[in-house]
Amino acid sequence: MLFAFVCKDKPGHLNVRMDTRPSHVEHLNALNAAGTLKMAGPFLDAEGKPCGSLVIVEAETIEAATEIANADPYAKAGLFESVEVKPFNWVFNKPEA
């Protein structure tokens with residue numbers, strides 16, 4: 001099953017995002033290599049600066065997906081003001097398996 005992580009950065013924490021980005025990208029690369037990561041990218045503010053994240057993963061349960069979300073270096077660094085983990089149904093433009 002797919003799950004979407006909708007993450008909102010804390011105000012004034014762009015430096016935390018930038019400082020933690022290398023380990024975050026390494027984490028996503030590992031999820032991608034395992035076939036768990038389906039897509040990911042930042043939300044942008046009006047100035048074009050990152051202000052949150054959208055990550056979509058495949059997991060057996062919402063609990064397993066939440067564990068993946070909590071393991072993200074951004075989450076561990078305290079970047080996020082909020083993280084929602086939601087079941088997701090990819091209907092349009094889903095890449096072929």
# chains A, B, ... in the order shown; residues from 1 in each chain; ligands from 1
$ closest_atom_pairs --of "region 16-68 of chain A" --to "region 85-92 of chain A" --cutoff "9 Å" --atoms "only C-alpha atoms" --output "Markdown table"
| residue | atom | partner | partner_atom | distance |
| --- | --- | --- | --- | --- |
| A:Ile56 | CA | A:Phe88 | CA | 8.0 |
| A:Ile62 | CA | A:Val85 | CA | 7.3 |
| A:Ala65 | CA | A:Val85 | CA | 7.3 |
| A:Thr66 | CA | A:Val85 | CA | 6.5 |
$ write_last_selection --atoms "C-alpha atoms" --output "PDB file, in the first residue's frame"
ATOM      1  CA  ILE A  56       5.374   8.714  -1.032  1.00  0.00           C
ATOM      2  CA  ILE A  62       0.384   2.823   8.381  1.00  0.00           C
ATOM      3  CA  ALA A  65       4.985   3.948   7.081  1.00  0.00           C
ATOM      4  CA  THR A  66       5.088   6.081  10.238  1.00  0.00           C
TER       5      THR A  66
END
$ select_by_dssp --residues "chain A" --states "alpha helix (DSSP H)" --output "ChimeraX atom specification"
/A:14-33,62-71,73-76
$ select_by_dssp --residues "chain A" --states "strand (DSSP E or B)" --output "count of residues only"
34
$ closest_residue --among "A:Ala34, A:Gly78, A:Glu60, A:Val83" --to "Asn15 (chain A)" --atoms "only C-alpha atoms"
A:Gly78
$ residues_around --residues "Asn70 (chain A)" --least-positions-apart "2" --cutoff "12 Å" --atoms "only C-alpha atoms" --output "list in words"
Phe5, Cys7, His24, His27, Glu63, Ala64, Ala65, Thr66, Glu67, Ile68, Asp72, Pro73, Tyr74, Ala75, Lys76, Ala77, Gly78, Leu79, Phe80, Ser82, Val83, Glu84 and Val85 of chain A
$ residues_around --residues "region 43-49 of chain A" --least-positions-apart "2" --cutoff "10 Å" --atoms "only C-alpha atoms" --output "ChimeraX atom specification"
/A:6-9,14,40-41,51-54
$ atom_distance --atom1 "CA of Thr36 (chain A)" --atom2 "CA of Arg17 (chain A)"
22.4 Å
$ closest_residue --among "A:Met39, A:Val55, A:Ala4, A:Ala71" --to "Lys94 (chain A)" --atoms "only C-alpha atoms"
A:Met39
$ atom_distance --atom1 "CA of Leu37 (chain A)" --atom2 "CA of Ser23 (chain A)"
15.6 Å
$ closest_residue --among "A:Lys38, A:Met18, A:Glu81, A:Thr61" --to "Pro95 (chain A)" --atoms "only C-alpha atoms"
A:Lys38
$ atom_distance --atom1 "CA of Lys10 (chain A)" --atom2 "CA of Ala69 (chain A)"
16.2 Å
$ closest_residue --among "A:Glu58, A:Asp19, A:Pro50, A:Gly12" --to "Leu31 (chain A)" --atoms "only C-alpha atoms"
A:Glu58
